[in-house]
Amino acid sequence: MRTVIAGGHGKIARRLEKLLSGRGEQVAGLIRKQEQAGALLAAGAEPVVCDLEEATVEEVARHLAGADAAVFAAGAGPGSGMARKETVDRAAATLFADAAEHAGVRRLVVVSAMGVDDEPPAGTDPVFAAYLRAKGAADADIRARQGLFWTILRPGRLTDDPGTGRVRLAPRLDYGSVTRDDVAGVLAALLERPSAVGLTLDLVGGETPIATAVAEAG
């Protein structure tokens with residue numbers, strides 16, 4: 001199996017790359033800068049320089065050609081302004097989905113965030129509100145597509161604590177935290193689970209082993 005990951009240098013993506021390559025699969029990560037390549041090579045992934053804020057659908061589709069699955073794990077990041085929430089968290093996600101369809105890669109897993117279907121509460125920081133709206137718009141776009149076997153994963157607050165291998169996974173959960181290790185573990189399990197197609201799932205830390213949680217969700 002070959003998987004191409006957008007946002008390949010991100011913290012979740014590098015954990016996922018290591019998991020996939022560790023089980024003998026081919027994995028490539030799209031990165032914005034050549035100097036990020038070493039981190040992907042260390043994770044067992046092929047680095048592919050492709051800036052999703054500048055690339056065309058055709059360019060991204062060429063990088064996806066021959067893949068069995070695609071994962072959108074890119075994000076503008078906490079230090080970015082409102083404009084990049086639009087160009088990365090929304091526009092790059094829909095561009096990546098367009099490219100997957102163009103390349104004939106039907107399996108798409110998207111890393112989103114909890115609560116993005118709802119309007120941000122009054123008083124929410126404007127930049128964070130823009131992020132939530134951008135992710136919500138991207139999710140809505142992807143869920144409307146008939147040509148993709150999509151799954152949308154919505155983690156809660158992300159931490160760098162060691163993973164526990166145990167989570168809660170369901171269409172709607174109370175807000176909580178989850179380790180990036182466990183997010184990557186759930187993504188790897190979802191890629192192997194055809195019955196997860198068409199699901200939008202919240203994810204927080206919990207007591208259920210990842211394999212069981214994914215099986216019960218899908």
# chains A, B, ... in the order shown; residues from 1 in each chain; ligands from 1
call {"tool": "closest_atom_pairs", "arguments": {"of": "segment 9-30 of chain A", "to": "segment 152-165 of chain A", "cutoff": "12 Å", "atoms": "only C-alpha atoms", "output": "tab-separated table"}}
result
residue	atom	partner	partner_atom	distance
A:Lys11	CA	A:Asp160	CA	8.9
A:Ile12	CA	A:Leu158	CA	9.5
A:Arg15	CA	A:Gly163	CA	10.8
call {"tool": "closest_atom_pairs", "arguments": {"of": "segment 71-155 of chain A", "to": "segment 182-197 of chain A", "cutoff": "12 Å", "atoms": "only C-alpha atoms", "output": "CSV"}}
result
residue,atom,partner,partner_atom,distance
A:Val71,CA,A:Leu187,CA,8.6
A:Phe72,CA,A:Leu187,CA,10.6
A:Ala73,CA,A:Leu187,CA,10.1
A:Arg106,CA,A:Val197,CA,10.4
A:Arg107,CA,A:Leu191,CA,8.1
A:Leu108,CA,A:Leu191,CA,8.6
A:Val109,CA,A:Leu191,CA,7.5
A:Val110,CA,A:Leu187,CA,9.0
A:Val111,CA,A:Leu187,CA,8.5
A:Ser112,CA,A:Val183,CA,11.1
A:Ala113,CA,A:Val183,CA,11.4
A:Arg143,CA,A:Val197,CA,10.5
A:Gln146,CA,A:Val197,CA,11.5
A:Gly147,CA,A:Val197,CA,11.8
A:Leu148,CA,A:Val197,CA,8.9
A:Phe149,CA,A:Val197,CA,5.4
A:Trp150,CA,A:Val197,CA,5.4
A:Thr151,CA,A:Val197,CA,5.3
A:Ile152,CA,A:Val197,CA,8.9
A:Leu153,CA,A:Leu187,CA,7.9
A:Arg154,CA,A:Val183,CA,9.3
A:Pro155,CA,A:Val183,CA,7.1
call {"tool": "write_last_selection", "arguments": {"atoms": "N, CA, C and O atoms", "output": "PDB file, in the first residue's frame"}}
result
ATOM      1  N   VAL A  71      -3.877  11.204   2.830  1.00  0.00           N
ATOM      2  CA  VAL A  71      -4.209  11.731   4.154  1.00  0.00           C
ATOM      3  C   VAL A  71      -3.929  13.223   4.158  1.00  0.00           C
ATOM      4  O   VAL A  71      -2.812  13.650   3.822  1.00  0.00           O
ATOM      5  N   PHE A  72      -4.928  14.014   4.539  1.00  0.00           N
ATOM      6  CA  PHE A  72      -4.712  15.455   4.679  1.00  0.00           C
ATOM      7  C   PHE A  72      -4.453  15.747   6.144  1.00  0.00           C
ATOM      8  O   PHE A  72      -5.357  15.683   6.975  1.00  0.00           O
ATOM      9  N   ALA A  73      -3.191  16.060   6.456  1.00  0.00           N
ATOM     10  CA  ALA A  73      -2.793  16.381   7.826  1.00  0.00           C
ATOM     11  C   ALA A  73      -2.105  17.733   7.890  1.00  0.00           C
ATOM     12  O   ALA A  73      -1.366  18.018   8.841  1.00  0.00           O
ATOM     13  N   ARG A 106      -9.168   7.174  -4.400  1.00  0.00           N
ATOM     14  CA  ARG A 106     -10.500   7.355  -3.824  1.00  0.00           C
ATOM     15  C   ARG A 106     -10.496   7.391  -2.296  1.00  0.00           C
ATOM     16  O   ARG A 106     -11.378   7.977  -1.697  1.00  0.00           O
ATOM     17  N   ARG A 107      -9.516   6.750  -1.664  1.00  0.00           N
ATOM     18  CA  ARG A 107      -9.503   6.706  -0.196  1.00  0.00           C
ATOM     19  C   ARG A 107      -8.821   7.955   0.353  1.00  0.00           C
ATOM     20  O   ARG A 107      -7.646   8.211   0.093  1.00  0.00           O
ATOM     21  N   LEU A 108      -9.568   8.737   1.112  1.00  0.00           N
ATOM     22  CA  LEU A 108      -9.062   9.988   1.674  1.00  0.00           C
ATOM     23  C   LEU A 108      -9.425  10.061   3.146  1.00  0.00           C
ATOM     24  O   LEU A 108     -10.591   9.932   3.515  1.00  0.00           O
ATOM     25  N   VAL A 109      -8.425  10.279   3.990  1.00  0.00           N
ATOM     26  CA  VAL A 109      -8.641  10.495   5.417  1.00  0.00           C
ATOM     27  C   VAL A 109      -8.174  11.910   5.742  1.00  0.00           C
ATOM     28  O   VAL A 109      -7.073  12.317   5.355  1.00  0.00           O
ATOM     29  N   VAL A 110      -9.021  12.661   6.434  1.00  0.00           N
ATOM     30  CA  VAL A 110      -8.754  14.067   6.727  1.00  0.00           C
ATOM     31  C   VAL A 110      -8.652  14.267   8.231  1.00  0.00           C
ATOM     32  O   VAL A 110      -9.507  13.798   8.995  1.00  0.00           O
ATOM     33  N   VAL A 111      -7.596  14.970   8.660  1.00  0.00           N
ATOM     34  CA  VAL A 111      -7.474  15.358  10.061  1.00  0.00           C
ATOM     35  C   VAL A 111      -8.118  16.732  10.223  1.00  0.00           C
ATOM     36  O   VAL A 111      -7.650  17.724   9.664  1.00  0.00           O
ATOM     37  N   SER A 112      -9.186  16.786  10.981  1.00  0.00           N
ATOM     38  CA  SER A 112      -9.910  18.028  11.200  1.00  0.00           C
ATOM     39  C   SER A 112      -9.810  18.406  12.681  1.00  0.00           C
ATOM     40  O   SER A 112      -8.750  18.262  13.290  1.00  0.00           O
ATOM     41  N   ALA A 113     -10.879  18.883  13.275  1.00  0.00           N
ATOM     42  CA  ALA A 113     -10.869  19.285  14.682  1.00  0.00           C
ATOM     43  C   ALA A 113     -12.283  19.182  15.240  1.00  0.00           C
ATOM     44  O   ALA A 113     -13.263  19.331  14.513  1.00  0.00           O
ATOM     45  N   ARG A 143     -17.358  16.084   2.553  1.00  0.00           N
ATOM     46  CA  ARG A 143     -18.479  15.184   2.809  1.00  0.00           C
ATOM     47  C   ARG A 143     -19.501  15.209   1.683  1.00  0.00           C
ATOM     48  O   ARG A 143     -20.304  14.276   1.551  1.00  0.00           O
ATOM     49  N   GLN A 146     -19.070  12.620  -3.892  1.00  0.00           N
ATOM     50  CA  GLN A 146     -19.512  11.248  -4.140  1.00  0.00           C
ATOM     51  C   GLN A 146     -18.388  10.365  -4.665  1.00  0.00           C
ATOM     52  O   GLN A 146     -18.510   9.136  -4.640  1.00  0.00           O
ATOM     53  N   GLY A 147     -17.314  10.986  -5.145  1.00  0.00           N
ATOM     54  CA  GLY A 147     -16.259  10.214  -5.794  1.00  0.00           C
ATOM     55  C   GLY A 147     -15.131   9.801  -4.876  1.00  0.00           C
ATOM     56  O   GLY A 147     -14.147   9.209  -5.329  1.00  0.00           O
ATOM     57  N   LEU A 148     -15.243  10.106  -3.577  1.00  0.00           N
ATOM     58  CA  LEU A 148     -14.186   9.770  -2.638  1.00  0.00           C
ATOM     59  C   LEU A 148     -14.715   8.880  -1.515  1.00  0.00           C
ATOM     60  O   LEU A 148     -15.849   9.052  -1.058  1.00  0.00           O
ATOM     61  N   PHE A 149     -13.876   7.962  -1.069  1.00  0.00           N
ATOM     62  CA  PHE A 149     -14.166   7.151   0.111  1.00  0.00           C
ATOM     63  C   PHE A 149     -13.508   7.857   1.305  1.00  0.00           C
ATOM     64  O   PHE A 149     -12.417   7.507   1.739  1.00  0.00           O
ATOM     65  N   TRP A 150     -14.193   8.842   1.835  1.00  0.00           N
ATOM     66  CA  TRP A 150     -13.566   9.712   2.822  1.00  0.00           C
ATOM     67  C   TRP A 150     -13.906   9.291   4.252  1.00  0.00           C
ATOM     68  O   TRP A 150     -14.936   8.688   4.519  1.00  0.00           O
ATOM     69  N   THR A 151     -12.990   9.620   5.147  1.00  0.00           N
ATOM     70  CA  THR A 151     -13.221   9.568   6.588  1.00  0.00           C
ATOM     71  C   THR A 151     -12.638  10.849   7.175  1.00  0.00           C
ATOM     72  O   THR A 151     -11.524  11.241   6.807  1.00  0.00           O
ATOM     73  N   ILE A 152     -13.377  11.499   8.055  1.00  0.00           N
ATOM     74  CA  ILE A 152     -12.897  12.721   8.704  1.00  0.00           C
ATOM     75  C   ILE A 152     -12.690  12.434  10.184  1.00  0.00           C
ATOM     76  O   ILE A 152     -13.616  11.998  10.876  1.00  0.00           O
ATOM     77  N   LEU A 153     -11.465  12.652  10.652  1.00  0.00           N
ATOM     78  CA  LEU A 153     -11.124  12.430  12.053  1.00  0.00           C
ATOM     79  C   LEU A 153     -10.958  13.777  12.741  1.00  0.00           C
ATOM     80  O   LEU A 153     -10.208  14.635  12.274  1.00  0.00           O
ATOM     81  N   ARG A 154     -11.646  13.951  13.876  1.00  0.00           N
ATOM     82  CA  ARG A 154     -11.660  15.235  14.573  1.00  0.00           C
ATOM     83  C   ARG A 154     -11.103  15.086  15.993  1.00  0.00           C
ATOM     84  O   ARG A 154     -11.841  14.844  16.943  1.00  0.00           O
ATOM     85  N   PRO A 155      -9.791  15.216  16.139  1.00  0.00           N
ATOM     86  CA  PRO A 155      -9.208  15.115  17.481  1.00  0.00           C
ATOM     87  C   PRO A 155      -9.553  16.338  18.330  1.00  0.00           C
ATOM     88  O   PRO A 155      -9.833  17.431  17.816  1.00  0.00           O
TER      89      PRO A 155
END
call {"tool": "closest_residue", "arguments": {"among": "A:Thr56, A:Ser177, A:Gln36, A:Thr124", "to": "Leu95 of chain A", "atoms": "only C-alpha atoms"}}
result
A:Thr56
call {"tool": "closest_residue", "arguments": {"among": "A:Ala28, A:Leu201, A:Ala67, A:Arg133", "to": "Met82 of chain A", "atoms": "only C-alpha atoms"}}
result
A:Arg133
call {"tool": "residues_around", "arguments": {"residues": "Val48 of chain A", "least_positions_apart": "6", "cutoff": "8 Å", "atoms": "only C-alpha atoms", "output": "list in words"}}
result
Ala28, Gly29, Leu30, Ile31, Ala37 and His63 of chain A
call {"tool": "atom_distance", "arguments": {"atom1": "atom CA of Ala138 of chain A", "atom2": "atom CA of Lys85 of chain A"}}
result
10.9 Å
call {"tool": "select_by_dssp", "arguments": {"residues": "segment 18-214 of chain A", "states": "helix (DSSP H, G or I)", "output": "ChimeraX atom specification"}}
result
/A:18-22,34-42,57-64,82-103,126-143,180-191,194-196,210-214
call {"tool": "residues_around", "arguments": {"residues": "Glu46 of chain A", "least_positions_apart": "2", "cutoff": "12 Å", "atoms": "only C-alpha atoms", "output": "count of residues only"}}
result
31
call {"tool": "closest_residue", "arguments": {"among": "A:Ala144, A:Ala130, A:Ala65, A:Ala70", "to": "Phe96 of chain A", "atoms": "only C-alpha atoms"}}
result
A:Ala70
call {"tool": "atom_distance", "arguments": {"atom1": "atom CA of Ala122 of chain A", "atom2": "atom CA of Gly81 of chain A"}}
result
19.3 Å
call {"tool": "select_by_dssp", "arguments": {"residues": "segment 28-140 of chain A", "states": "strand (DSSP E or B)", "output": "list of chain:residue names"}}
result
A:Ala28, A:Gly29, A:Leu30, A:Ile31, A:Glu46, A:Pro47, A:Val48, A:Val49, A:Ala69, A:Ala70, A:Val71, A:Phe72, A:Arg107, A:Leu108, A:Val109, A:Val110, A:Val111
call {"tool": "residues_around", "arguments": {"residues": "Ala140 of chain A", "least_positions_apart": "4", "cutoff": "10 Å", "atoms": "only C-alpha atoms", "output": "number ranges by chain"}}
result
A: 94, 116-117, 134-136, 144-145
call {"tool": "write_last_selection", "arguments": {"atoms": "all heavy atoms", "output": "short mmCIF file (atom, residue, chain, number, x, y, z; two decimals), in the first residue's frame"}}
result
data_model
loop_
_atom_site.label_atom_id
_atom_site.label_comp_id
_atom_site.auth_asym_id
_atom_site.auth_seq_id
_atom_site.Cartn_x
_atom_site.Cartn_y
_atom_site.Cartn_z
N THR A 94 -9.38 21.34 0.21
CA THR A 94 -10.24 21.07 -0.95
C THR A 94 -9.41 20.84 -2.21
O THR A 94 -9.77 20.01 -3.05
CB THR A 94 -11.24 22.21 -1.16
OG1 THR A 94 -10.55 23.45 -1.34
CG2 THR A 94 -12.17 22.34 0.03
N VAL A 116 -16.15 21.80 14.75
CA VAL A 116 -16.10 22.73 13.62
C VAL A 116 -17.41 22.82 12.85
O VAL A 116 -17.55 23.67 11.96
CB VAL A 116 -14.94 22.39 12.66
CG1 VAL A 116 -13.61 22.45 13.39
CG2 VAL A 116 -15.13 21.04 12.00
N ASP A 117 -18.39 21.98 13.17
CA ASP A 117 -19.70 22.10 12.53
C ASP A 117 -20.53 23.22 13.16
O ASP A 117 -21.54 23.64 12.59
CB ASP A 117 -20.49 20.80 12.64
CG ASP A 117 -19.98 19.73 11.67
OD1 ASP A 117 -19.35 20.11 10.67
OD2 ASP A 117 -20.22 18.54 11.93
N ALA A 134 -12.87 27.63 8.83
CA ALA A 134 -12.16 27.08 7.68
C ALA A 134 -12.20 25.55 7.68
O ALA A 134 -12.46 24.91 6.65
CB ALA A 134 -10.72 27.57 7.66
N LYS A 135 -11.96 24.95 8.84
CA LYS A 135 -12.01 23.50 8.92
C LYS A 135 -13.43 22.98 8.68
O LYS A 135 -13.63 21.96 8.00
CB LYS A 135 -11.52 23.04 10.30
CG LYS A 135 -10.07 23.33 10.60
CD LYS A 135 -9.12 22.63 9.67
CE LYS A 135 -8.87 21.21 10.03
NZ LYS A 135 -7.80 20.58 9.17
N GLY A 136 -14.42 23.68 9.22
CA GLY A 136 -15.80 23.28 8.99
C GLY A 136 -16.18 23.33 7.52
O GLY A 136 -16.87 22.43 7.00
N ALA A 144 -19.48 16.24 0.87
CA ALA A 144 -20.42 16.33 -0.25
C ALA A 144 -19.94 15.59 -1.49
O ALA A 144 -20.67 15.47 -2.47
CB ALA A 144 -20.66 17.80 -0.60
N ARG A 145 -18.73 15.08 -1.45
CA ARG A 145 -18.14 14.44 -2.64
C ARG A 145 -18.58 12.99 -2.73
O ARG A 145 -18.41 12.22 -1.79
CB ARG A 145 -16.62 14.55 -2.60
CG ARG A 145 -16.12 15.99 -2.70
CD ARG A 145 -14.62 16.06 -2.51
NE ARG A 145 -14.17 17.45 -2.48
CZ ARG A 145 -13.49 18.04 -3.48
NH1 ARG A 145 -13.19 17.36 -4.56
NH2 ARG A 145 -13.12 19.30 -3.37
#
call {"tool": "decode", "arguments": {"residues": "segment 74-85 of chain A", "atoms": "all heavy atoms", "output": "PDB file, in the first residue's frame"}}
result
ATOM      1  N   ALA A  74      -2.339  18.569   6.893  1.00  0.00           N
ATOM      2  CA  ALA A  74      -1.713  19.891   6.857  1.00  0.00           C
ATOM      3  C   ALA A  74      -2.505  20.880   7.697  1.00  0.00           C
ATOM      4  O   ALA A  74      -3.705  20.696   7.937  1.00  0.00           O
ATOM      5  CB  ALA A  74      -1.622  20.392   5.412  1.00  0.00           C
ATOM      6  N   GLY A  75      -1.843  21.917   8.141  1.00  0.00           N
ATOM      7  CA  GLY A  75      -2.503  22.978   8.886  1.00  0.00           C
ATOM      8  C   GLY A  75      -1.634  24.215   8.909  1.00  0.00           C
ATOM      9  O   GLY A  75      -0.406  24.123   8.848  1.00  0.00           O
ATOM     10  N   ALA A  76      -2.266  25.370   8.997  1.00  0.00           N
ATOM     11  CA  ALA A  76      -1.505  26.616   9.007  1.00  0.00           C
ATOM     12  C   ALA A  76      -0.707  26.779  10.293  1.00  0.00           C
ATOM     13  O   ALA A  76       0.302  27.466  10.316  1.00  0.00           O
ATOM     14  CB  ALA A  76      -2.455  27.799   8.822  1.00  0.00           C
ATOM     15  N   GLY A  77      -1.152  26.145  11.370  1.00  0.00           N
ATOM     16  CA  GLY A  77      -0.412  26.208  12.617  1.00  0.00           C
ATOM     17  C   GLY A  77      -0.862  27.348  13.515  1.00  0.00           C
ATOM     18  O   GLY A  77      -1.448  28.331  13.058  1.00  0.00           O
ATOM     19  N   PRO A  78      -0.576  27.242  14.820  1.00  0.00           N
ATOM     20  CA  PRO A  78      -1.077  28.224  15.787  1.00  0.00           C
ATOM     21  C   PRO A  78      -0.494  29.620  15.631  1.00  0.00           C
ATOM     22  O   PRO A  78      -1.072  30.584  16.095  1.00  0.00           O
ATOM     23  CB  PRO A  78      -0.692  27.607  17.137  1.00  0.00           C
ATOM     24  CG  PRO A  78       0.429  26.674  16.827  1.00  0.00           C
ATOM     25  CD  PRO A  78       0.163  26.141  15.462  1.00  0.00           C
ATOM     26  N   GLY A  79       0.663  29.750  14.995  1.00  0.00           N
ATOM     27  CA  GLY A  79       1.272  31.073  14.856  1.00  0.00           C
ATOM     28  C   GLY A  79       0.843  31.823  13.615  1.00  0.00           C
ATOM     29  O   GLY A  79       1.310  32.941  13.366  1.00  0.00           O
ATOM     30  N   SER A  80      -0.058  31.261  12.832  1.00  0.00           N
ATOM     31  CA  SER A  80      -0.459  31.887  11.567  1.00  0.00           C
ATOM     32  C   SER A  80      -1.667  32.790  11.784  1.00  0.00           C
ATOM     33  O   SER A  80      -2.393  32.664  12.753  1.00  0.00           O
ATOM     34  CB  SER A  80      -0.786  30.815  10.533  1.00  0.00           C
ATOM     35  OG  SER A  80      -1.839  30.003  11.002  1.00  0.00           O
ATOM     36  N   GLY A  81      -1.873  33.698  10.834  1.00  0.00           N
ATOM     37  CA  GLY A  81      -2.999  34.618  10.912  1.00  0.00           C
ATOM     38  C   GLY A  81      -4.233  34.093  10.210  1.00  0.00           C
ATOM     39  O   GLY A  81      -4.265  32.967   9.698  1.00  0.00           O
ATOM     40  N   MET A  82      -5.249  34.946  10.151  1.00  0.00           N
ATOM     41  CA  MET A  82      -6.534  34.537   9.599  1.00  0.00           C
ATOM     42  C   MET A  82      -6.430  34.149   8.129  1.00  0.00           C
ATOM     43  O   MET A  82      -7.099  33.225   7.680  1.00  0.00           O
ATOM     44  CB  MET A  82      -7.548  35.661   9.786  1.00  0.00           C
ATOM     45  CG  MET A  82      -7.893  35.925  11.243  1.00  0.00           C
ATOM     46  SD  MET A  82      -8.995  37.340  11.486  1.00  0.00           S
ATOM     47  CE  MET A  82     -10.512  36.684  10.763  1.00  0.00           C
ATOM     48  N   ALA A  83      -5.577  34.848   7.373  1.00  0.00           N
ATOM     49  CA  ALA A  83      -5.501  34.591   5.934  1.00  0.00           C
ATOM     50  C   ALA A  83      -5.059  33.157   5.655  1.00  0.00           C
ATOM     51  O   ALA A  83      -5.594  32.492   4.758  1.00  0.00           O
ATOM     52  CB  ALA A  83      -4.542  35.580   5.281  1.00  0.00           C
ATOM     53  N   ARG A  84      -4.115  32.658   6.432  1.00  0.00           N
ATOM     54  CA  ARG A  84      -3.612  31.302   6.176  1.00  0.00           C
ATOM     55  C   ARG A  84      -4.559  30.229   6.683  1.00  0.00           C
ATOM     56  O   ARG A  84      -4.474  29.076   6.245  1.00  0.00           O
ATOM     57  CB  ARG A  84      -2.211  31.116   6.759  1.00  0.00           C
ATOM     58  CG  ARG A  84      -1.165  31.983   6.069  1.00  0.00           C
ATOM     59  CD  ARG A  84       0.241  31.486   6.288  1.00  0.00           C
ATOM     60  NE  ARG A  84       0.477  30.227   5.604  1.00  0.00           N
ATOM     61  CZ  ARG A  84       1.086  29.167   6.168  1.00  0.00           C
ATOM     62  NH1 ARG A  84       1.458  29.219   7.424  1.00  0.00           N
ATOM     63  NH2 ARG A  84       1.280  28.063   5.479  1.00  0.00           N
ATOM     64  N   LYS A  85      -5.467  30.569   7.570  1.00  0.00           N
ATOM     65  CA  LYS A  85      -6.505  29.603   7.908  1.00  0.00           C
ATOM     66  C   LYS A  85      -7.334  29.300   6.653  1.00  0.00           C
ATOM     67  O   LYS A  85      -7.742  28.161   6.422  1.00  0.00           O
ATOM     68  CB  LYS A  85      -7.422  30.130   9.014  1.00  0.00           C
ATOM     69  CG  LYS A  85      -6.719  30.605  10.269  1.00  0.00           C
ATOM     70  CD  LYS A  85      -5.781  29.588  10.869  1.00  0.00           C
ATOM     71  CE  LYS A  85      -5.140  30.114  12.139  1.00  0.00           C
ATOM     72  NZ  LYS A  85      -4.065  29.238  12.627  1.00  0.00           N
TER      73      LYS A  85
END
